[in-house]
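Trainee: Mind looking over this structure? Questions follow.
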Amino acid sequence: MITAARQIINALAANSVDRVYCVPGESYLPIFDALYGNTIDTVVTHHESTAGFMAISEARITGRVSAAFVSRGPGATNASIAVHSAEQDGVPFILFIGQVPRRNLRRRSFQEIDYGKFFGDIAKWVVEITDPARIPEIMSRAIQIATSPTPGPVVVVMPEDMLEDMVPPVEFRPVARAAAPVPVESVAKAAEILRGAKKPIIIAGGELCTDEGRAALAACAEAWQIPVLGSFRRHDVFDGTSRLFAGDLGIQNTKAQIDLIKESDVVLAVGTRLGDLTTQGYTFPESPYPARTLIHVLADGDRLGVDFQPALGVACPAAPFLSALVAERVAVAAGRDGWIDALRGEREKVLAWTTKTAPDGVVFGNVVDAVWPRLAKDAILTTDAGLSAAMFYKQFPVKPPQMIVASITGVMGMGVPGAVAIAMRCPGRQVVCAVGDGSFLMTGNEIAVAVERKLPIRFILAANKSYGSIRLGQEQEYPGHVVGTDLTIPEFAAMAEAFGARGFVIRTDADIAPVLDAAFAVEGPCLIEVKASLSAILPTL
Ligand SMILES: Cc1ncc(C[n+]2csc(CCOP(=O)(O)OP(=O)(O)O)c2C)c(N)n1
């Protein structure tokens, strides 16, 4: 017989979970006993939000289910930001929460929350394990729901006394991911529509952000000569240097670019839920009746036809569908060059960076430009919320296997913990994190884990003494009425040194090259503080 806690850990181990993130709590001590001496790596974080951010960042890279363990009440509410992010980012994540003993359930006892109510709107499933005999079935279901069809968060609640119950050990098997086969007749129909298209465009979503997905998308776009747009913040779904890449859809598009994109006659939306920001507030494609022919391919059939009625809706995995479409091509449509070049031209204008000097500090865009040639061919960049970090995906033509992991929720605080989790998961790959001062002050203390694990991450921090993005909106909406957006900041490089990392400062343009050279040569974690201009970022959107 083994404890229920060990049974839960065994279920995770059987499903390739080899690392968990946590903040400890008295409500789930038996879990730690199950982790003691286990091959599963236990990463101790300093806030439950960052335990969750690390887990979901890891899942963005692996595509596999990830796990964080937190305590009841305050621990769980701290972690809720990660549950929301996992839902919006569409990543497989299980949040395990310690709970009051079963005898005290639903009495409003110490730190008790009814998690079904609390997480009801943001988790795909919330389950409280009161009978440990059901652990095998509940864990299988939790992993299945978290991983398919659109991955997302599941919350598993563990009353502390239940975790100590003894149960017979189960031989767990990995949960098989069920995927619908590609319907041959739908591929033929899509090919027929695309053959007649004059200005087709692909909107490629997060489901394609895997090696297999990127390869299938590249092959399909090339074969059919169809330009590609990434969905919101999925810049790395396609080769940013390719003539066929038309950029991403989101908040940085210019009016001219959107006007041009709206000239498309056929939209092949694939592996995307076609969310709010991607669709420019449900105006492209038009909701509910698109003013162009929409082909919508998504594993999650329940999402098809809900906001946008497609001419052809196909509920199947994105990558195999695109691969099947390659085989259907008979001849590249003539006269496509003008359309491709016009879209690319608008993209180039978004990439263009003209402000080079400012009176109040270093223009962060200059640092971004200088980082680019120093990036490895397989570098992974994590970007936090905020305007400065946004310049990285605004200016960088990411070329897979390079990746940019940016929160789709636009949540502040994911950059630093995300870089830490990714550096642990991908030893040997260069990991760079771009973060604003406001975002760093939320979760930057996770640099402690980077030091503990000797992770060679370069944190590039824009110290502009402001919640810059919000300041931009404030200046635009309420000119001159600055309140609530200024920040008092520490000396970040000194702070990094106090944590045991290396700290560097860029004060002027002349510092950029030598400081980056020195910082990129450091073996462990290092932070590059840029005394950044605020005025230079204000007009950039
Ligand atoms: C958790 C969370 N709180 C608030 C916001 C709203 N918000 C978006 S960007 C931003 C300011 C970011 O400031 P900073 O990290 O300093 O970057 P900057 O824009 O100055 O480059 C705020 C407050 C958010 N997205 N997430």
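Convention: chains lettered A, B, ... in structure tokens order; per-chain residue numbering from 1; ligands numbered from 1 as shown.
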Set out as CSV a contact list for chain A and ligand 1 with a cut-off of 10 Å, giving each residue of chain A that qualifies its closest atom pair and distance in Å to one decimal, counting only C-alpha atoms and all ligand atoms, ordered by chain and rising residue number.

Mentor:
residue,atom,partner,partner_atom_place_in_ligand_line,distance
A:Ser49,CA,ligand 1,1 (C),9.9
A:Ile81,CA,ligand 1,1 (C),7.6
A:Phe364,CA,ligand 1,21 (O),9.1
A:Asp384,CA,ligand 1,15 (O),7.0
A:Ala385,CA,ligand 1,9 (S),5.1
A:Gly386,CA,ligand 1,19 (O),3.3
A:Leu387,CA,ligand 1,19 (O),3.9
A:Ser388,CA,ligand 1,21 (O),3.7
A:Ala389,CA,ligand 1,21 (O),6.0
A:Ala390,CA,ligand 1,21 (O),7.6
A:Met391,CA,ligand 1,21 (O),8.9
A:Ser407,CA,ligand 1,25 (N),9.6
A:Thr409,CA,ligand 1,25 (N),7.6
A:Gly410,CA,ligand 1,25 (N),5.1
A:Val411,CA,ligand 1,26 (N),4.0
A:Met412,CA,ligand 1,26 (N),4.0
A:Gly413,CA,ligand 1,1 (C),6.6
A:Met414,CA,ligand 1,1 (C),8.9
A:Gly415,CA,ligand 1,15 (O),9.8
A:Ala434,CA,ligand 1,21 (O),9.4
A:Val435,CA,ligand 1,15 (O),6.2
A:Gly436,CA,ligand 1,15 (O),3.5
A:Asp437,CA,ligand 1,16 (O),4.1
A:Gly438,CA,ligand 1,16 (O),3.4
A:Ser439,CA,ligand 1,15 (O),3.7
A:Phe440,CA,ligand 1,15 (O),6.5
A:Leu441,CA,ligand 1,15 (O),8.1
A:Met442,CA,ligand 1,1 (C),8.3
A:Leu461,CA,ligand 1,21 (O),8.8
A:Ala462,CA,ligand 1,21 (O),6.3
A:Ala463,CA,ligand 1,16 (O),7.2
A:Asn464,CA,ligand 1,20 (O),6.0
A:Lys465,CA,ligand 1,16 (O),7.0
A:Ser466,CA,ligand 1,20 (O),5.1
A:Tyr467,CA,ligand 1,13 (O),3.5
A:Gly468,CA,ligand 1,20 (O),3.2
A:Ser469,CA,ligand 1,19 (O),3.9
A:Ile470,CA,ligand 1,11 (C),5.5
A:Arg471,CA,ligand 1,19 (O),7.8
A:Leu472,CA,ligand 1,19 (O),8.3
A:Gly484,CA,ligand 1,23 (C),9.7
A:Thr485,CA,ligand 1,23 (C),7.9
A:Asp486,CA,ligand 1,16 (O),9.2
A:Leu487,CA,ligand 1,16 (O),8.1
A:Ile489,CA,ligand 1,16 (O),10.0
A:Ala532,CA,ligand 1,21 (O),9.1
A:Ser533,CA,ligand 1,20 (O),9.6
A:Leu534,CA,ligand 1,20 (O),7.4
A:Ile537,CA,ligand 1,21 (O),7.7
A:Leu538,CA,ligand 1,19 (O),9.0

Trainee: If you keep C-alpha atoms, can you produce a file of those selected residues as a tab-separated table (two decimals), in the first residue's frame?

Mentor:
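Result saved to part-v1.tsv:
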chain	number	residue	atom	x	y	z
A	49	SER	CA	1.99	32.93	-9.47
A	81	ILE	CA	-3.23	34.30	-12.47
A	364	PHE	CA	15.51	50.61	-25.98
A	384	ASP	CA	7.15	40.07	-20.52
A	385	ALA	CA	4.20	42.46	-20.90
A	386	GLY	CA	4.92	46.11	-21.65
A	387	LEU	CA	6.10	48.24	-24.50
A	388	SER	CA	9.83	47.70	-24.14
A	389	ALA	CA	9.65	43.93	-24.24
A	390	ALA	CA	7.16	44.21	-27.09
A	391	MET	CA	9.89	45.80	-29.21
A	407	SER	CA	2.15	35.47	-22.85
A	409	THR	CA	-2.86	36.92	-22.04
A	410	GLY	CA	-0.46	39.86	-21.95
A	411	VAL	CA	0.04	39.11	-18.29
A	412	MET	CA	2.77	40.98	-16.43
A	413	GLY	CA	5.34	38.90	-14.61
A	414	MET	CA	5.72	35.84	-16.84
A	415	GLY	CA	9.01	36.85	-18.48
A	434	ALA	CA	13.17	40.99	-22.17
A	435	VAL	CA	11.37	42.66	-19.30
A	436	GLY	CA	10.21	46.11	-18.23
A	437	ASP	CA	10.91	47.51	-14.78
A	438	GLY	CA	7.26	47.27	-13.71
A	439	SER	CA	7.03	43.64	-14.73
A	440	PHE	CA	10.41	42.78	-13.20
A	441	LEU	CA	9.34	44.24	-9.88
A	442	MET	CA	6.40	41.80	-9.87
A	461	LEU	CA	15.63	45.07	-18.40
A	462	ALA	CA	14.23	48.40	-19.59
A	463	ALA	CA	14.41	50.74	-16.60
A	464	ASN	CA	12.20	53.60	-17.78
A	465	LYS	CA	10.70	54.33	-14.35
A	466	SER	CA	7.19	53.82	-15.61
A	467	TYR	CA	4.39	51.41	-16.36
A	468	GLY	CA	5.15	52.55	-19.89
A	469	SER	CA	2.33	50.90	-21.81
A	470	ILE	CA	-0.29	52.29	-19.52
A	471	ARG	CA	1.43	55.67	-19.56
A	472	LEU	CA	1.08	55.66	-23.34
A	484	GLY	CA	-0.52	56.17	-11.16
A	485	THR	CA	1.96	55.29	-13.90
A	486	ASP	CA	5.31	56.50	-12.48
A	487	LEU	CA	7.58	53.98	-10.77
A	489	ILE	CA	12.87	51.79	-9.02
A	532	ALA	CA	15.92	53.46	-20.89
A	533	SER	CA	14.10	56.41	-22.36
A	534	LEU	CA	10.40	56.63	-21.64
A	537	ILE	CA	8.52	54.32	-26.44
A	538	LEU	CA	5.45	56.48	-26.14

Trainee: Check which residues of range 125-180 of chain A sit at most 9 Å from range 88-104 of chain A using only C-alpha atoms, and return one row each with the closest pair of atoms and their distance in Å to one decimal, ordered by chain and rising number, as a tab-separated table.

Mentor:
residue	atom	partner	partner_atom	distance
A:Glu128	CA	A:Gln99	CA	8.7
A:Thr130	CA	A:Arg102	CA	7.0
A:Ala142	CA	A:Ile94	CA	7.6
A:Ile143	CA	A:Ile94	CA	7.7
A:Ile145	CA	A:Pro92	CA	8.4
A:Ala146	CA	A:Pro92	CA	4.7
A:Thr147	CA	A:Pro92	CA	5.0
A:Ser148	CA	A:Pro92	CA	8.1
A:Thr150	CA	A:Gly90	CA	6.1
A:Pro151	CA	A:Pro92	CA	4.8
A:Gly152	CA	A:Pro92	CA	4.7
A:Pro153	CA	A:Phe93	CA	4.7
A:Val154	CA	A:Ile94	CA	4.8
A:Val155	CA	A:Leu95	CA	4.8
A:Val156	CA	A:Phe96	CA	4.8
A:Val157	CA	A:Ile97	CA	4.9
A:Met158	CA	A:Gly98	CA	4.9
A:Pro159	CA	A:Gln99	CA	4.2
A:Glu160	CA	A:Pro101	CA	5.3
A:Asp161	CA	A:Pro101	CA	5.2
A:Met162	CA	A:Pro101	CA	7.3

Trainee: For CA of His46 in chain A and CA of Val530 in chain A, determine how far apart the two atoms are, in Å to one decimal place.

Mentor: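 These atoms are spaced 25.3 Å apart.
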
Trainee: Going by DSSP on the backbone, which bits of range 13-247 of chain A are alpha helix (DSSP H)? Write them as a PyMOL selection string, please.

Mentor: chain A and resi 13-14+29-35+48-62+74-89+115-118+135-147+160-164+184-195+211-224

Trainee: Going by DSSP on the backbone, which bits of range 254-443 of chain A are strand (DSSP E)? Write them as a list in words, please.

Mentor: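 For range 254-443 of chain A, the strand (DSSP E) set is Val266, Val267, Leu268, Ala269, Val270, Thr293, Leu294, Ile295, His296, Val297, Leu312, Gly313, Val314, Ile380, Leu381, Thr382, Thr383, Met403, Ile404, Val405, Ala406, Val431, Val432, Cys433, Ala434, Val435 and Gly436 of chain A.
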
Trainee: Produce a file of the selected residues containing N, CA and C atoms, as a PDB file, in the first residue's frame.

Mentor:
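Printed below is selection.pdb as written:
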ATOM      1  N   VAL A 266      -9.958  34.764 -49.456  1.00  0.00           N
ATOM      2  CA  VAL A 266     -10.083  33.495 -48.738  1.00  0.00           C
ATOM      3  C   VAL A 266      -9.157  33.534 -47.520  1.00  0.00           C
ATOM      4  N   VAL A 267      -9.708  33.188 -46.354  1.00  0.00           N
ATOM      5  CA  VAL A 267      -8.888  33.091 -45.146  1.00  0.00           C
ATOM      6  C   VAL A 267      -8.870  31.631 -44.708  1.00  0.00           C
ATOM      7  N   LEU A 268      -7.662  31.087 -44.613  1.00  0.00           N
ATOM      8  CA  LEU A 268      -7.507  29.751 -44.053  1.00  0.00           C
ATOM      9  C   LEU A 268      -6.993  29.931 -42.620  1.00  0.00           C
ATOM     10  N   ALA A 269      -7.914  29.855 -41.661  1.00  0.00           N
ATOM     11  CA  ALA A 269      -7.543  30.000 -40.248  1.00  0.00           C
ATOM     12  C   ALA A 269      -7.285  28.608 -39.708  1.00  0.00           C
ATOM     13  N   VAL A 270      -6.065  28.382 -39.255  1.00  0.00           N
ATOM     14  CA  VAL A 270      -5.713  27.009 -38.923  1.00  0.00           C
ATOM     15  C   VAL A 270      -4.981  26.940 -37.579  1.00  0.00           C
ATOM     16  N   THR A 293     -14.397  34.141 -47.875  1.00  0.00           N
ATOM     17  CA  THR A 293     -14.572  32.706 -47.630  1.00  0.00           C
ATOM     18  C   THR A 293     -13.646  32.275 -46.499  1.00  0.00           C
ATOM     19  N   LEU A 294     -14.234  31.774 -45.434  1.00  0.00           N
ATOM     20  CA  LEU A 294     -13.432  31.344 -44.281  1.00  0.00           C
ATOM     21  C   LEU A 294     -13.379  29.815 -44.212  1.00  0.00           C
ATOM     22  N   ILE A 295     -12.150  29.312 -44.194  1.00  0.00           N
ATOM     23  CA  ILE A 295     -11.926  27.895 -43.897  1.00  0.00           C
ATOM     24  C   ILE A 295     -11.330  27.866 -42.496  1.00  0.00           C
ATOM     25  N   HIS A 296     -11.988  27.212 -41.581  1.00  0.00           N
ATOM     26  CA  HIS A 296     -11.504  27.210 -40.193  1.00  0.00           C
ATOM     27  C   HIS A 296     -11.195  25.772 -39.775  1.00  0.00           C
ATOM     28  N   VAL A 297      -9.922  25.535 -39.492  1.00  0.00           N
ATOM     29  CA  VAL A 297      -9.464  24.193 -39.113  1.00  0.00           C
ATOM     30  C   VAL A 297      -8.964  24.254 -37.668  1.00  0.00           C
ATOM     31  N   LEU A 312     -16.222  26.514 -44.634  1.00  0.00           N
ATOM     32  CA  LEU A 312     -15.797  25.140 -44.385  1.00  0.00           C
ATOM     33  C   LEU A 312     -15.165  25.083 -42.996  1.00  0.00           C
ATOM     34  N   GLY A 313     -15.762  24.326 -42.106  1.00  0.00           N
ATOM     35  CA  GLY A 313     -15.204  24.138 -40.765  1.00  0.00           C
ATOM     36  C   GLY A 313     -14.724  22.695 -40.638  1.00  0.00           C
ATOM     37  N   VAL A 314     -13.485  22.530 -40.169  1.00  0.00           N
ATOM     38  CA  VAL A 314     -12.929  21.176 -40.098  1.00  0.00           C
ATOM     39  C   VAL A 314     -12.381  20.940 -38.689  1.00  0.00           C
ATOM     40  N   ILE A 380      16.027  31.124 -27.526  1.00  0.00           N
ATOM     41  CA  ILE A 380      14.632  31.246 -27.081  1.00  0.00           C
ATOM     42  C   ILE A 380      14.519  32.552 -26.296  1.00  0.00           C
ATOM     43  N   LEU A 381      13.550  33.351 -26.700  1.00  0.00           N
ATOM     44  CA  LEU A 381      13.363  34.659 -26.089  1.00  0.00           C
ATOM     45  C   LEU A 381      12.059  34.626 -25.298  1.00  0.00           C
ATOM     46  N   THR A 382      12.091  35.042 -24.036  1.00  0.00           N
ATOM     47  CA  THR A 382      10.813  35.233 -23.342  1.00  0.00           C
ATOM     48  C   THR A 382      10.615  36.736 -23.194  1.00  0.00           C
ATOM     49  N   THR A 383       9.417  37.165 -23.476  1.00  0.00           N
ATOM     50  CA  THR A 383       9.149  38.598 -23.355  1.00  0.00           C
ATOM     51  C   THR A 383       8.006  38.804 -22.375  1.00  0.00           C
ATOM     52  N   MET A 403      12.720  30.879 -30.987  1.00  0.00           N
ATOM     53  CA  MET A 403      11.346  30.977 -30.490  1.00  0.00           C
ATOM     54  C   MET A 403      11.173  32.231 -29.646  1.00  0.00           C
ATOM     55  N   ILE A 404       9.951  32.765 -29.666  1.00  0.00           N
ATOM     56  CA  ILE A 404       9.605  33.840 -28.736  1.00  0.00           C
ATOM     57  C   ILE A 404       8.433  33.349 -27.905  1.00  0.00           C
ATOM     58  N   VAL A 405       8.630  33.277 -26.612  1.00  0.00           N
ATOM     59  CA  VAL A 405       7.530  32.874 -25.742  1.00  0.00           C
ATOM     60  C   VAL A 405       7.008  34.131 -25.050  1.00  0.00           C
ATOM     61  N   ALA A 406       5.884  34.615 -25.568  1.00  0.00           N
ATOM     62  CA  ALA A 406       5.251  35.807 -25.002  1.00  0.00           C
ATOM     63  C   ALA A 406       3.856  35.396 -24.542  1.00  0.00           C
ATOM     64  N   VAL A 431      19.026  31.441 -23.768  1.00  0.00           N
ATOM     65  CA  VAL A 431      17.730  31.965 -23.328  1.00  0.00           C
ATOM     66  C   VAL A 431      17.908  33.436 -22.952  1.00  0.00           C
ATOM     67  N   VAL A 432      17.094  34.277 -23.561  1.00  0.00           N
ATOM     68  CA  VAL A 432      17.148  35.723 -23.317  1.00  0.00           C
ATOM     69  C   VAL A 432      15.761  36.174 -22.873  1.00  0.00           C
ATOM     70  N   CYS A 433      15.727  37.018 -21.847  1.00  0.00           N
ATOM     71  CA  CYS A 433      14.433  37.493 -21.341  1.00  0.00           C
ATOM     72  C   CYS A 433      14.391  39.018 -21.438  1.00  0.00           C
ATOM     73  N   ALA A 434      13.347  39.533 -22.083  1.00  0.00           N
ATOM     74  CA  ALA A 434      13.169  40.989 -22.171  1.00  0.00           C
ATOM     75  C   ALA A 434      12.052  41.395 -21.220  1.00  0.00           C
ATOM     76  N   VAL A 435      12.342  42.346 -20.360  1.00  0.00           N
ATOM     77  CA  VAL A 435      11.371  42.659 -19.304  1.00  0.00           C
ATOM     78  C   VAL A 435      11.429  44.148 -18.950  1.00  0.00           C
ATOM     79  N   GLY A 436      10.268  44.725 -18.682  1.00  0.00           N
ATOM     80  CA  GLY A 436      10.207  46.111 -18.227  1.00  0.00           C
ATOM     81  C   GLY A 436      10.405  46.178 -16.717  1.00  0.00           C
TER      82      GLY A 436
END

Trainee: Taking 6 positions as the minimum chain separation for residues in the same chain, which residues sit within 7 Å of Phe245 in chain A when counting only C-alpha atoms? Answer as a VMD selection string.

Mentor: chain A and resid 227 to 229 238 to 239 344

Trainee: So, counting only C-alpha atoms, which residue among A:Ala496, A:Ala14, A:Val237, A:Val326 is closest to Ala191 in chain A?

Mentor: A:Val326

Trainee: Please provide the set of residues having any atom within 12 Å of Arg134 in chain A, restricted to only C-alpha atoms, with same-chain residues fewer than 2 positions apart removed, written as a list in words.

Mentor: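 The filter keeps Ala4, Gln7, Ile8, Val127, Glu128, Ile129, Thr130, Asp131, Pro132, Pro136, Glu137, Ile138, Met139, Ser140, Arg141, Ala142, Met162, Val167, Pro168 and Val170 of chain A.
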
Trainee: Counting only C-alpha atoms, which of A:Leu249, A:Val522, A:Ala256, A:Ala510 gets nearest to Val362 in chain A?

Mentor: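 Smallest separation from Val362 in chain A among the options: A:Ala510.
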
Trainee: Give me, please, the distance in Å between CA of Asn10 in chain A and CA of Thr39 in chain A, quoted to one decimal.

Mentor: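 One can read the CA of Asn10 in chain A to CA of Thr39 in chain A distance as 10.7 Å.
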
Trainee: Might you pull out every residue within 12 Å of Leu516 in chain A, with only C-alpha atoms counted and same-chain residues fewer than 3 positions away left off, and present them as a PyMOL selection string?

Mentor: chain A and resi 366-375+432+458-460+503-506+509-513+519-522+526-530
